[in-house]
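Let me begin by presenting the structure, written as structure tokens, before commenting on it.
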Amino acid sequence: MKKEQRIKKNDEFSKVFKHGKSVANRQFVLYTLRKEGQDALRIGLSVSKKVGNAVTRNQIKRYIREVFRLNEESLAANVDYVVIARNPAAEMKFAEIEKSLFHILKKANVLNKKAILSK
């Protein structure tokens, strides 16, 4: 993911939390906020220290970024996404994380029709 596709500032996270919609499953919480005039998606990640040590937290973040990078064309482009990882994500492999993220992306209704048919 490019630097301009990341949400880093606290006030940007706060806007997504305050004005966005949220969906969740056991492993992740996803906040989405549609932004008019934005041509690329942006992603913010939050993995608490309760989930695991630094190595585990960074691995979860790498897996989440990779899922978004591989499926970028399937996702709505004018949306800010904030993903919060929960404890069960620490023991998951990449394929399980991808399946879980697709589950909440479908629930959030941000996937293109082609992506829904292929997964």
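Scheme for the structure tokens: letters A, B, ... for chains in order shown; per-chain residue numbers from 1; ligand numbers from 1 in order shown.
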
TODO: Give me the residues within 12 Å of Leu75 of chain A as JSON, numbers by chain, counting only C-alpha atoms and dropping any in the same chain fewer than 4 places off.
DONE: {"A": [32, 34, 39, 40, 41, 42, 43, 67, 68, 69, 70, 71, 79, 80, 81, 101, 102, 105, 106, 108, 109, 110, 111, 112, 113, 114, 115, 116]}

Open item on the list: For the structure I just gave you, how does DSSP split chain A - specifically, which residues are strand (DSSP E or B)? Reply as a VMD selection string.
Closed with: chain A and resid 6 21 to 24 28 to 34 42 to 47 75 79 to 85 111

Please write the residues from the selection above to a file, keeping C-alpha atoms, as a short mmCIF file (atom, residue, chain, number, x, y, z; two decimals), in the first residue's frame.
```cif
data_model
loop_
_atom_site.label_atom_id
_atom_site.label_comp_id
_atom_site.auth_asym_id
_atom_site.auth_seq_id
_atom_site.Cartn_x
_atom_site.Cartn_y
_atom_site.Cartn_z
CA ARG A 6 -2.89 4.96 4.81
CA LYS A 21 -20.58 2.64 9.79
CA SER A 22 -19.25 -0.41 11.59
CA VAL A 23 -19.60 -4.15 11.09
CA ALA A 24 -17.89 -6.89 13.07
CA PHE A 28 -12.24 -7.98 13.28
CA VAL A 29 -14.23 -4.76 13.49
CA LEU A 30 -14.47 -2.75 10.26
CA TYR A 31 -15.41 0.93 10.11
CA THR A 32 -16.16 2.41 6.69
CA LEU A 33 -16.68 6.03 5.71
CA ARG A 34 -17.50 7.08 2.14
CA ARG A 42 -7.40 4.49 2.41
CA ILE A 43 -6.84 2.04 5.23
CA GLY A 44 -6.11 2.46 8.92
CA LEU A 45 -5.16 -0.40 11.20
CA SER A 46 -5.45 -0.85 14.94
CA VAL A 47 -4.07 -3.88 16.76
CA LEU A 75 -13.17 -2.73 -3.13
CA VAL A 79 -13.95 4.83 1.10
CA ASP A 80 -11.81 5.07 4.23
CA TYR A 81 -11.47 1.71 5.99
CA VAL A 82 -10.39 1.24 9.60
CA VAL A 83 -9.77 -2.35 10.70
CA ILE A 84 -9.50 -3.24 14.38
CA ALA A 85 -8.11 -6.70 15.10
CA LEU A 111 -17.35 -5.17 -2.52
#
```

TODO: Could you give me, as a list of chain:residue names, the residues within 9 Å of Lys50 of chain A, counting only C-alpha atoms and dropping anything in the same chain fewer than 3 positions from it?
DONE: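 The contact residues come out as A:Val47, A:Asn53, A:Arg86, A:Asn87.
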
Deliver the residues from the most recent selection as a file, using N, CA and C atoms, as a compact mmCIF listing (two decimals), in the first residue's frame.
```txt
# COMPACT_ATOMS: atom_id res chain seq x y z
N VAL A 47 -4.24 -2.57 16.12
CA VAL A 47 -4.07 -3.88 16.76
C VAL A 47 -3.56 -3.60 18.17
N ASN A 53 2.29 -9.86 21.29
CA ASN A 53 3.51 -9.06 21.34
C ASN A 53 3.69 -8.31 20.01
N ARG A 86 -9.13 -8.19 16.70
CA ARG A 86 -9.46 -8.73 18.02
C ARG A 86 -8.55 -9.91 18.34
N ASN A 87 -8.61 -10.39 19.56
CA ASN A 87 -7.72 -11.46 20.04
C ASN A 87 -7.63 -12.70 19.16
```

Open item on the list: What's the separation between atom CA of Lys15 of chain A and atom CA of Arg57 of chain A, in Å to one decimal place?
Closed with: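 Taking atom CA of Lys15 of chain A as the start and atom CA of Arg57 of chain A as the end point, the length is 23.9 Å.
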
Open item on the list: Can you pull out every residue from chain A that DSSP, working from the backbone, puts in helix (DSSP H, G or I), and format the result as a PyMOL selection string?
Closed with: chain A and resi 3-5+10-19+54-70+72-74+87-91+94-108+113-118

Selection near Ser100 of chain A, 9 Å with only C-alpha atoms, sequence-local residues under 6 positions removed, as an mmCIF file with N, CA and C atoms, in the first residue's frame:
```
data_model
loop_
_atom_site.group_PDB
_atom_site.id
_atom_site.type_symbol
_atom_site.label_atom_id
_atom_site.label_comp_id
_atom_site.auth_asym_id
_atom_site.auth_seq_id
_atom_site.Cartn_x
_atom_site.Cartn_y
_atom_site.Cartn_z
ATOM 1 N N ASN A 25 -17.131 -9.136 13.207
ATOM 2 C CA ASN A 25 -17.249 -10.564 13.454
ATOM 3 C C ASN A 25 -16.328 -10.867 14.637
ATOM 4 N N ARG A 26 -16.050 -12.120 14.902
ATOM 5 C CA ARG A 26 -15.244 -12.461 16.081
ATOM 6 C C ARG A 26 -13.806 -11.963 15.996
ATOM 7 N N GLN A 27 -13.274 -11.849 14.788
ATOM 8 C CA GLN A 27 -11.858 -11.515 14.631
ATOM 9 C C GLN A 27 -11.578 -10.043 14.365
ATOM 10 N N PHE A 28 -12.501 -9.350 13.705
ATOM 11 C CA PHE A 28 -12.236 -7.978 13.281
ATOM 12 C C PHE A 28 -13.465 -7.088 13.444
#
```
